[in-house]
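Printed here is final07.txt (compact mmCIF, C-alpha atoms and all ligand atoms):
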# COMPACT_ATOMS: atom_id res chain seq x y z
CA MET A 1 -20.36 -26.89 5.73
CA ALA A 2 -22.11 -30.08 4.71
CA ALA A 3 -24.25 -27.95 2.40
CA LEU A 4 -21.15 -26.40 0.83
CA LEU A 5 -19.48 -29.80 0.50
CA LYS A 6 -22.58 -31.25 -1.17
CA ALA A 7 -22.79 -28.31 -3.56
CA VAL A 8 -19.10 -28.62 -4.50
CA LEU A 9 -19.46 -32.38 -5.03
CA SER A 10 -22.57 -31.88 -7.22
CA ALA A 11 -20.75 -29.22 -9.24
CA SER A 12 -17.79 -31.59 -9.68
CA GLU A 13 -20.13 -34.37 -10.87
CA LYS A 14 -21.72 -32.05 -13.43
CA ALA A 15 -18.26 -30.96 -14.55
CA ALA A 16 -17.21 -34.61 -14.92
CA GLU A 17 -20.37 -35.29 -16.97
CA ILE A 18 -19.47 -32.50 -19.39
CA ALA A 19 -15.87 -33.72 -19.62
CA ARG A 20 -17.15 -37.22 -20.49
CA LEU A 21 -19.75 -35.86 -22.91
CA CYS A 22 -17.05 -34.11 -24.93
CA ARG A 23 -15.40 -37.48 -25.47
CA ASP A 24 -18.59 -39.52 -25.93
CA ALA A 25 -20.98 -37.41 -28.02
CA GLU A 26 -19.97 -37.57 -31.68
CA PRO A 27 -20.44 -33.87 -32.59
CA LEU A 28 -18.26 -32.88 -29.62
CA PHE A 29 -15.71 -35.64 -30.02
CA ARG A 30 -15.25 -34.60 -33.64
CA LEU A 31 -14.15 -31.17 -32.45
CA LEU A 32 -11.75 -32.70 -29.94
CA VAL A 33 -10.28 -34.98 -32.60
CA ALA A 34 -9.88 -32.05 -35.00
CA GLU A 35 -7.87 -30.46 -32.26
CA LYS A 36 -5.76 -33.51 -31.53
CA THR A 37 -4.86 -34.08 -35.17
CA GLY A 38 -4.47 -30.43 -35.98
CA ALA A 39 -7.10 -30.78 -38.76
CA ASP A 40 -9.17 -27.64 -39.08
CA ARG A 41 -7.76 -26.47 -35.79
CA ASN A 42 -8.56 -22.93 -34.72
CA GLN A 43 -10.24 -22.28 -38.04
CA ARG A 44 -13.62 -21.63 -36.54
CA PHE A 45 -12.75 -19.70 -33.43
CA SER A 46 -9.64 -18.15 -32.08
CA HIS A 47 -9.43 -20.51 -29.08
CA ASP A 48 -9.37 -24.27 -29.32
CA PHE A 49 -12.31 -26.50 -28.47
CA LYS A 50 -10.47 -27.91 -25.48
CA THR A 51 -10.38 -24.41 -24.04
CA LEU A 52 -14.09 -23.94 -24.66
CA ALA A 53 -14.82 -27.18 -22.76
CA ASP A 54 -12.59 -25.94 -19.92
CA VAL A 55 -14.21 -22.50 -19.84
CA LEU A 56 -17.72 -23.89 -19.94
CA ILE A 57 -17.02 -26.34 -17.12
CA GLN A 58 -15.52 -23.58 -15.01
CA GLU A 59 -18.52 -21.31 -15.68
CA VAL A 60 -20.98 -24.11 -14.83
CA ILE A 61 -19.24 -24.67 -11.48
CA ARG A 62 -19.09 -20.93 -10.82
CA HIS A 63 -22.76 -20.52 -11.74
CA ASP A 64 -24.04 -23.43 -9.66
CA LEU A 65 -22.04 -22.52 -6.54
CA GLY A 66 -22.93 -18.83 -6.84
CA ALA A 67 -26.62 -19.67 -7.27
CA LYS A 68 -26.63 -21.75 -4.07
CA PHE A 69 -24.38 -19.44 -2.06
CA PRO A 70 -24.70 -15.78 -3.11
CA GLU A 71 -21.96 -14.94 -0.56
CA LEU A 72 -19.51 -16.80 -2.80
CA ARG A 73 -20.20 -14.66 -5.88
CA GLY A 74 -17.14 -12.67 -6.81
CA HIS A 75 -14.99 -15.11 -4.80
CA ILE A 76 -14.85 -18.02 -7.24
CA GLY A 77 -11.71 -17.98 -9.32
CA GLY A 78 -10.37 -20.37 -11.89
CA GLU A 79 -7.75 -21.08 -14.45
CA GLU A 80 -9.67 -19.82 -17.45
CA SER A 81 -10.84 -16.41 -18.62
CA ASN A 82 -14.38 -16.72 -20.01
CA GLU A 83 -13.84 -14.41 -22.99
CA PHE A 84 -13.86 -15.88 -26.47
CA THR A 85 -13.44 -14.33 -29.88
CA ASN A 86 -15.60 -15.99 -32.52
CA ALA A 87 -15.07 -16.28 -36.26
CA ASN A 88 -16.56 -12.79 -36.82
CA GLY A 89 -14.09 -11.27 -34.43
CA ASP A 90 -16.76 -10.58 -31.76
CA THR A 91 -15.86 -11.12 -28.14
CA VAL A 92 -18.26 -13.44 -26.34
CA ALA A 93 -18.26 -13.98 -22.58
CA VAL A 94 -19.14 -17.64 -22.05
CA ARG A 95 -21.58 -18.07 -19.18
CA VAL A 96 -24.56 -20.10 -18.07
CA CYS A 97 -27.69 -18.13 -19.00
CA GLY A 98 -31.19 -18.17 -17.49
CA THR A 99 -32.49 -20.85 -19.86
CA VAL A 100 -30.98 -23.74 -21.77
CA GLY A 101 -32.05 -22.07 -25.04
CA GLU A 102 -30.19 -18.88 -24.20
CA THR A 103 -27.06 -20.83 -23.22
CA ALA A 104 -27.27 -22.84 -26.47
CA ALA A 105 -27.56 -19.60 -28.46
CA LEU A 106 -24.58 -18.09 -26.67
CA LEU A 107 -22.43 -21.22 -27.19
CA GLY A 108 -23.66 -21.35 -30.77
CA SER A 109 -22.23 -17.89 -31.36
CA VAL A 110 -18.80 -19.25 -30.37
CA LEU A 111 -19.10 -22.65 -32.04
CA HIS A 112 -20.87 -21.58 -35.24
CA PRO A 113 -21.74 -23.53 -37.40
CA GLU A 114 -21.66 -26.45 -34.91
CA ARG A 115 -25.23 -26.03 -33.64
CA GLU A 116 -25.68 -29.59 -32.37
CA ALA A 117 -22.48 -29.34 -30.34
CA ALA A 118 -23.70 -26.09 -28.77
CA GLU A 119 -27.05 -27.66 -27.88
CA LEU A 120 -25.48 -30.74 -26.32
CA LEU A 121 -23.20 -28.62 -24.15
CA ALA A 122 -26.01 -26.29 -23.10
CA ALA A 123 -28.26 -29.20 -22.11
CA ALA A 124 -25.46 -30.65 -19.96
CA ALA A 125 -24.80 -27.26 -18.36
CA HIS A 126 -28.44 -26.98 -17.26
CA ARG A 127 -28.93 -30.58 -16.12
CA ASP A 128 -29.60 -31.16 -12.43
CA VAL A 129 -26.95 -33.37 -10.87
CA ALA A 130 -27.60 -34.49 -7.32
CA VAL A 131 -25.13 -36.39 -5.18
CA GLY A 132 -26.76 -39.27 -3.30
CA ASP A 133 -24.02 -39.91 -0.78
CA ALA A 134 -25.42 -40.95 2.61
CA GLU A 135 -22.00 -40.43 4.22
CA LEU A 136 -22.39 -36.69 3.74
CA ASP A 137 -25.37 -36.51 6.10
CA GLY A 138 -22.99 -37.18 8.98
CA VAL A 139 -20.77 -34.20 8.12
CA THR A 140 -21.76 -31.43 10.50
CA VAL A 141 -18.83 -28.99 10.32
CA SER A 142 -20.17 -25.53 9.68
CA ILE A 143 -18.33 -22.72 7.96
CA ALA A 144 -19.93 -19.60 6.52
CA PRO A 145 -19.63 -19.51 2.71
CA GLY A 146 -18.90 -15.80 3.21
CA ASP A 147 -15.60 -16.73 4.89
CA VAL A 148 -14.24 -18.81 2.03
CA ALA A 149 -13.31 -18.42 -1.63
CA VAL A 150 -12.94 -21.05 -4.32
CA TRP A 151 -10.33 -22.09 -6.90
CA ILE A 152 -11.40 -24.23 -9.86
CA ASP A 153 -9.30 -26.18 -12.32
CA PRO A 154 -12.08 -27.37 -14.63
CA ILE A 155 -9.84 -29.97 -16.30
CA ASP A 156 -6.34 -30.59 -15.02
CA SER A 157 -4.02 -32.51 -17.34
CA THR A 158 -5.71 -31.17 -20.48
CA ASN A 159 -3.03 -32.69 -22.71
CA GLU A 160 -3.91 -36.17 -21.48
CA TYR A 161 -7.60 -35.31 -21.86
CA ILE A 162 -7.14 -34.44 -25.52
CA VAL A 163 -4.85 -37.33 -26.41
CA GLY A 164 -7.20 -39.65 -24.50
CA ARG A 165 -5.08 -42.75 -24.09
CA GLU A 166 -6.88 -45.53 -22.24
CA ASP A 167 -4.23 -48.22 -22.53
CA VAL A 168 -1.57 -46.95 -20.14
CA ALA A 169 -0.96 -49.60 -17.47
CA PRO A 170 -0.46 -48.29 -13.94
CA GLN A 171 2.75 -49.19 -12.13
CA ASP A 172 2.21 -49.69 -8.40
CA GLY A 173 -1.10 -47.83 -8.73
CA ILE A 174 0.37 -44.87 -10.64
CA ALA A 175 -0.53 -44.37 -14.32
CA PRO A 176 2.46 -42.70 -16.03
CA SER A 177 0.03 -40.87 -18.37
CA GLY A 178 -3.40 -41.27 -19.97
CA LEU A 179 -6.97 -40.13 -19.70
CA CYS A 180 -7.27 -41.21 -16.06
CA SER A 181 -4.99 -38.31 -15.07
CA ALA A 182 -7.54 -35.74 -16.32
CA LEU A 183 -9.27 -34.45 -13.17
CA VAL A 184 -11.73 -31.81 -11.99
CA LEU A 185 -10.31 -29.88 -9.02
CA ILE A 186 -12.42 -27.62 -6.78
CA GLY A 187 -10.87 -26.23 -3.61
CA ALA A 188 -12.13 -23.73 -1.04
CA TYR A 189 -9.78 -21.66 1.13
CA GLU A 190 -10.32 -19.30 4.02
CA ARG A 191 -10.35 -15.74 2.69
CA SER A 192 -8.61 -14.28 5.75
CA SER A 193 -5.72 -16.77 6.10
CA GLY A 194 -5.52 -18.30 2.61
CA ARG A 195 -5.50 -21.79 4.16
CA PRO A 196 -7.24 -24.57 2.21
CA VAL A 197 -10.33 -25.82 4.05
CA LEU A 198 -12.30 -28.00 1.63
CA GLY A 199 -11.24 -29.93 -1.44
CA VAL A 200 -12.93 -32.13 -4.02
CA ILE A 201 -11.11 -34.14 -6.69
CA ASN A 202 -13.31 -35.74 -9.31
CA GLU A 203 -11.94 -38.44 -11.61
CA PRO A 204 -14.28 -38.42 -14.63
CA PHE A 205 -12.41 -41.28 -16.31
CA HIS A 206 -11.71 -43.55 -13.38
CA ARG A 207 -12.61 -46.75 -15.24
CA ARG A 208 -14.81 -48.30 -17.88
CA HIS A 209 -17.85 -50.18 -16.61
CA PRO A 210 -17.03 -53.87 -17.16
CA GLN A 211 -20.35 -54.57 -18.96
CA THR A 212 -21.58 -51.34 -20.52
CA ARG A 213 -18.04 -50.04 -21.24
CA GLY A 214 -19.32 -46.55 -20.36
CA TRP A 215 -17.11 -44.34 -18.21
CA GLN A 216 -17.46 -44.48 -14.46
CA GLY A 217 -16.08 -41.64 -12.41
CA ARG A 218 -15.48 -41.23 -8.72
CA TYR A 219 -14.71 -38.42 -6.32
CA HIS A 220 -12.73 -37.78 -3.13
CA TRP A 221 -13.17 -34.99 -0.63
CA GLY A 222 -11.52 -33.60 2.46
CA ILE A 223 -12.20 -30.89 5.03
CA ALA A 224 -9.58 -29.34 7.29
CA TYR A 225 -11.21 -26.56 9.23
CA GLN A 226 -10.61 -25.24 12.76
CA GLY A 227 -9.27 -28.50 14.12
CA THR A 228 -11.81 -30.72 12.35
CA HIS A 229 -10.36 -33.16 9.85
CA LEU A 230 -12.73 -35.22 7.73
CA SER A 231 -12.29 -37.06 4.49
CA SER A 232 -13.93 -39.58 2.17
CA LEU A 233 -10.66 -41.56 2.34
CA SER A 234 -9.57 -44.03 4.95
CA PRO A 235 -6.79 -42.86 7.27
CA PRO A 236 -3.33 -43.20 5.72
CA ALA A 237 -1.19 -46.27 6.44
CA PRO A 238 1.73 -45.72 8.86
CA PRO A 239 4.85 -44.32 7.16
CA ARG A 240 7.41 -46.76 5.83
CA PRO A 241 10.83 -45.55 4.70
CA PRO A 242 12.10 -44.94 2.13
CA PRO A 243 9.51 -42.56 0.65
CA ARG A 244 8.09 -43.31 -2.80
CA VAL A 245 8.26 -40.04 -4.73
CA VAL A 246 6.30 -39.07 -7.85
CA LEU A 247 7.61 -36.41 -10.24
CA SER A 248 6.81 -34.59 -13.46
CA ARG A 249 8.73 -35.82 -16.49
CA ALA A 250 9.85 -32.20 -16.85
CA GLU A 251 11.56 -32.23 -13.42
CA ALA A 252 15.15 -30.94 -13.25
CA GLN A 253 17.92 -33.56 -13.38
CA GLY A 254 19.54 -32.47 -10.09
CA VAL A 255 16.25 -32.99 -8.27
CA ARG A 256 15.70 -36.37 -9.91
CA ASP A 257 19.18 -37.54 -8.94
CA ALA A 258 18.86 -36.39 -5.33
CA LEU A 259 15.48 -38.05 -4.91
CA ALA A 260 16.56 -41.22 -6.72
CA SER A 261 19.31 -41.66 -4.15
CA LEU A 262 16.75 -41.15 -1.36
CA CYS A 263 14.10 -43.53 -2.63
CA GLY A 264 16.07 -46.08 -4.62
CA GLY A 265 13.79 -47.75 -7.11
CA HIS A 266 10.73 -45.87 -5.90
CA LEU A 267 10.92 -42.84 -8.18
CA ARG A 268 7.77 -42.60 -10.33
CA PHE A 269 6.69 -40.24 -13.11
CA ALA A 270 3.15 -39.18 -13.96
CA ALA A 271 1.23 -36.52 -15.89
CA GLY A 272 -0.96 -33.89 -14.26
CA ALA A 273 -0.17 -31.92 -11.16
CA GLY A 274 -3.56 -32.81 -9.65
CA TYR A 275 -3.10 -36.48 -10.50
CA LYS A 276 0.31 -36.60 -8.80
CA MET A 277 -1.20 -35.11 -5.65
CA LEU A 278 -4.03 -37.63 -5.92
CA CYS A 279 -1.41 -40.41 -5.99
CA VAL A 280 -0.14 -39.13 -2.64
CA ILE A 281 -3.69 -38.85 -1.28
CA LEU A 282 -4.47 -42.43 -2.32
CA GLY A 283 -1.23 -43.74 -0.83
CA HIS A 284 0.39 -44.80 -4.11
CA ALA A 285 3.20 -42.31 -3.46
CA ASP A 286 4.49 -40.66 -0.28
CA ALA A 287 5.46 -37.33 -1.82
CA TYR A 288 5.11 -35.26 -4.98
CA VAL A 289 7.99 -32.86 -5.51
CA LEU A 290 7.95 -30.02 -8.02
CA SER A 291 10.93 -27.70 -8.04
CA GLY A 292 9.61 -25.17 -10.59
CA GLY A 293 6.71 -22.72 -10.68
CA SER A 294 4.57 -24.61 -13.22
CA THR A 295 1.55 -25.14 -10.97
CA PHE A 296 -1.00 -22.59 -9.88
CA ALA A 297 -3.41 -21.95 -7.01
CA TRP A 298 -6.17 -23.83 -8.87
CA ASP A 299 -3.96 -26.92 -9.26
CA ALA A 300 -3.05 -27.23 -5.61
CA CYS A 301 -5.94 -25.88 -3.51
CA ALA A 302 -8.30 -28.89 -3.67
CA PRO A 303 -5.66 -31.63 -3.24
CA HIS A 304 -4.03 -29.56 -0.50
CA ALA A 305 -7.26 -29.44 1.53
CA ILE A 306 -7.61 -33.22 1.25
CA LEU A 307 -3.96 -33.76 2.24
CA CYS A 308 -4.49 -31.52 5.28
CA ALA A 309 -7.58 -33.55 6.18
CA LEU A 310 -5.34 -36.66 6.16
CA GLY A 311 -2.70 -35.06 8.40
CA GLY A 312 -0.34 -33.98 5.61
CA GLY A 313 -0.06 -30.86 3.48
CA VAL A 314 1.66 -29.04 0.63
CA VAL A 315 4.67 -26.93 1.54
CA ALA A 316 6.18 -24.09 -0.49
CA LEU A 317 9.48 -25.72 -1.48
CA GLY A 318 11.56 -22.58 -2.09
CA ASP A 319 10.50 -20.99 1.21
CA ALA A 320 10.99 -24.26 3.10
CA LEU A 321 14.56 -24.66 1.79
CA ARG A 322 15.42 -21.02 2.48
CA ALA A 323 14.20 -21.30 6.07
CA ARG A 324 16.10 -24.54 6.54
CA ARG A 325 19.34 -23.10 5.22
CA GLU A 326 18.93 -20.16 7.59
CA GLY A 327 18.78 -22.61 10.47
CA ASP A 328 15.03 -22.36 11.04
CA THR A 329 13.95 -25.72 12.46
CA GLY A 330 10.24 -24.83 12.67
CA THR A 331 7.42 -26.30 10.62
CA PRO A 332 7.92 -25.44 6.92
CA PRO A 333 5.42 -22.96 5.44
CA GLN A 334 2.35 -24.35 3.66
CA LEU A 335 1.09 -22.95 0.36
CA THR A 336 -1.63 -20.33 0.73
CA TYR A 337 -4.23 -19.24 -1.80
CA ASN A 338 -5.40 -15.69 -1.09
CA ARG A 339 -2.45 -13.53 -2.22
CA PRO A 340 -1.20 -13.00 -5.75
CA ALA A 341 2.57 -12.97 -6.32
CA GLU A 342 3.93 -9.45 -6.22
CA GLY A 343 4.99 -7.96 -9.52
CA ALA A 344 3.50 -10.80 -11.58
CA VAL A 345 0.83 -10.46 -14.26
CA GLY A 346 -1.86 -12.79 -15.63
CA ALA A 347 -1.87 -16.41 -14.51
CA GLU A 348 1.65 -15.97 -13.08
CA ARG A 349 0.10 -13.98 -10.22
CA TRP A 350 -1.21 -17.29 -8.91
CA ALA A 351 1.79 -19.51 -9.70
CA ASN A 352 3.23 -21.58 -6.88
CA ARG A 353 6.49 -19.92 -7.70
CA GLY A 354 9.08 -21.72 -5.61
CA GLY A 355 7.71 -25.19 -6.29
CA LEU A 356 6.08 -27.52 -3.79
CA VAL A 357 6.18 -30.77 -1.86
CA ALA A 358 2.90 -32.62 -1.28
CA TYR A 359 2.99 -35.27 1.45
CA VAL A 360 0.91 -37.16 3.99
CA HIS A 361 3.51 -38.00 6.63
CA PRO A 362 5.73 -35.21 8.05
CA GLN A 363 8.59 -37.79 8.33
CA HIS A 364 8.58 -38.19 4.55
CA LEU A 365 8.50 -34.42 4.06
CA GLU A 366 11.51 -34.09 6.33
CA ALA A 367 13.46 -36.77 4.42
CA VAL A 368 12.66 -35.09 1.09
CA LEU A 369 13.62 -31.60 2.28
CA GLU A 370 16.86 -32.90 3.73
CA VAL A 371 18.09 -34.26 0.40
CA LEU A 372 16.76 -31.31 -1.60
CA ALA A 373 18.57 -28.84 0.65
CA ALA A 374 21.83 -30.29 -0.72
CA VAL A 375 20.89 -29.73 -4.38
CA PRO A 376 22.85 -26.74 -5.75
CA GLY A 377 20.71 -23.98 -7.24
CA LEU A 378 17.47 -25.03 -5.57
C1 LIG X 401 -1.11 -28.53 -15.84
C2 LIG X 401 -1.12 -30.03 -15.90
C3 LIG X 401 0.24 -30.47 -16.29
C4 LIG X 401 1.25 -30.12 -15.21
C5 LIG X 401 1.19 -28.63 -14.96
C6 LIG X 401 -0.22 -28.12 -14.70
O1 LIG X 401 -2.42 -28.06 -15.74
O2 LIG X 401 -1.48 -30.60 -14.69
O3 LIG X 401 0.20 -31.83 -16.53
O4 LIG X 401 2.53 -30.48 -15.65
O5 LIG X 401 1.99 -28.34 -13.85
O6 LIG X 401 -0.23 -26.73 -14.54
P1 LIG X 401 3.15 -31.94 -15.38
O7 LIG X 401 2.24 -32.95 -16.03
O8 LIG X 401 4.49 -31.87 -16.02
O9 LIG X 401 3.16 -32.09 -13.91
P2 LIG X 401 -3.42 -27.94 -17.04
O10 LIG X 401 -3.50 -29.26 -17.70
O11 LIG X 401 -4.69 -27.53 -16.34
O12 LIG X 401 -2.84 -26.86 -17.90
CA CA X 402 -3.98 -27.40 -14.04
CA CA X 403 -6.88 -26.89 -16.61

Rendering of file as structure tokens:
Amino acid sequence: MAALLKAVLSASEKAAEIARLCRDAEPLFRLLVAEKTGADRNQRFSHDFKTLADVLIQEVIRHDLGAKFPELRGHIGGEESNEFTNANGDTVAVRVCGTVGETAALLGSVLHPEREAAELLAAAAHRDVAVGDAELDGVTVSIAPGDVAVWIDPIDSTNEYIVGREDVAPQDGIAPSGLCSALVLIGAYERSSGRPVLGVINEPFHRRHPQTRGWQGRYHWGIAYQGTHLSSLSPPAPPRPPPRVVLSRAEAQGVRDALASLCGGHLRFAAGAGYKMLCVILGHADAYVLSGGSTFAWDACAPHAILCALGGGVVALGDALRARREGDTGTPPQLTYNRPAEGAVGAERWANRGGLVAYVHPQHLEAVLEVLAAVPGL
């Protein structure tokens, strides 16, 4: 398992490098800005540049993990489809090729005439990124890569990534929006049960180096496998009521009102599904509630594994409320990651349809479910 963890961390670091490169290297940043301002947008290719960055990052992670663990090939899924249509109307499958030159040529066929941009991206895709983290040598849990599958969200909170605001002050540790909520999420789940077992969250834009002003990232990981719970984070502080809850700005009014009455002044709003779960992981919030189906397996798998490693989890809100109303007093069902939703097509197959609650302390989960059970229509 340590080998798998190291490989996932290295892949997340390479992904973070590419995400930073797209904001730092002028030929790439120009394309991002064109997208943000709408200037020249979608003129060159039928997808936006943001999507190309996402697709490339996902393919780099898929390539690197598959190269190290052939048993994982065919079991690495992600948010993005890798098919692009270029200006000539040809369909190009974005992938990491055998050499940097071949990858540059392939990306060039999508990005034409932006040759420099294609070369910069190809070089980053082929760069070796090693993780020198001595702590990992002590991780001895072993799990066969052939027993797990992977979900990737190459960049979560893409809107914040594009807009790129750096001046949003955090409130009690939670940034309401901004570049810091753009994250790389890589989660592994057990193929047979669908339970999350390993998660990595990489924050490419954690902070600016005080002297060089260059971006410094950081990562967090967790393993919850067959009774072993390990994490890069310190154990959570004991629970203190009332729970501090973080929500999407798009959350339904009835849910907001119910939770506001539960947590008084402690209701917070933030961008990014992954970032809100990270806020719970880091202890800035006690729960993240989402009543709708606007997150997907790739949003939740990695944070969920880390939450499980810390003694918490992510429950399926709709199922939990149904069971509760039927008088079931058992442990609410956790989200799982191996079964598509019946009757759904496309990305919707992997939507967390009934919403979710992410938490560390079961007491906080219980308090949240109790008030939500009284919300009509939920
Ligand atoms: C999105 C992103 C959004 C989130 C949405 C996710 O993923 O995290 O910010 O909405 O649920 O699916 P909100 O910010 O309202 O929580 P992506 O950026 O990868 O599309
Ligand atoms: Ca996402
Ligand atoms: Ca994404």

* Asked: Of the candidates A:Gly222, A:Pro196, A:Gly227, A:Pro210, which shows the shortest atom-to-atom distance to A:Val139, using all atoms listed in the file?
  -> A:Gly222

* **Distance criterion (only C-alpha atoms): nearest to A:Leu310 out of A:Ser231, A:Thr295, A:Gln363, A:Gln334** =>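 Distance minimum relative to A:Leu310 lands on A:Ser231.
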
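Residue nearest A:Gly173, chosen from A:Leu282, A:Ala237, A:Met277, A:Ala124 and counting all atoms listed in the file: A:Leu282.
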
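When all atoms listed in the file are used to compute distances to ligand LIG 401 (chain X), the closest of the residues A:Ala169, A:Ala53, A:Val375, A:Ala258 turns out to be A:Ala53.
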
* **Near-stretch 8-24 of chain A list (7 Å; all atoms listed in the file; drop same-chain fewer than 3 positions) as an MDAnalysis selection string** => chainID A and resid 4:5 28:29 57 61 64 124 129:131 184 200 202 204

Considering only C-alpha atoms and all ligand atoms, tabulate each residue of chain A that lies at most 7 Å from ligand CA 403 (chain X) along with its nearest interatomic pair and the corresponding distance in Å to one decimal; arrange the rows by chain and ascending residue number and present them as a Markdown table.
| residue | atom | partner | partner_atom | distance |
| --- | --- | --- | --- | --- |
| A:Asp54 | CA | X:CA403 | CA | 6.7 |
| A:Glu79 | CA | X:CA403 | CA | 6.3 |
| A:Asp153 | CA | X:CA403 | CA | 5.0 |
| A:Pro154 | CA | X:CA403 | CA | 5.6 |
| A:Ile155 | CA | X:CA403 | CA | 4.3 |
| A:Asp156 | CA | X:CA403 | CA | 4.1 |
| A:Ser157 | CA | X:CA403 | CA | 6.3 |
| A:Thr158 | CA | X:CA403 | CA | 5.9 |

* **Given 9 Å and only C-alpha atoms and all ligand atoms, residues near ligand LIG 401 (chain X) as a PyMOL selection string** => chain A and resi 54+79+153-161+177+181-183+247-251+269-276+290+292-296+298-299+351
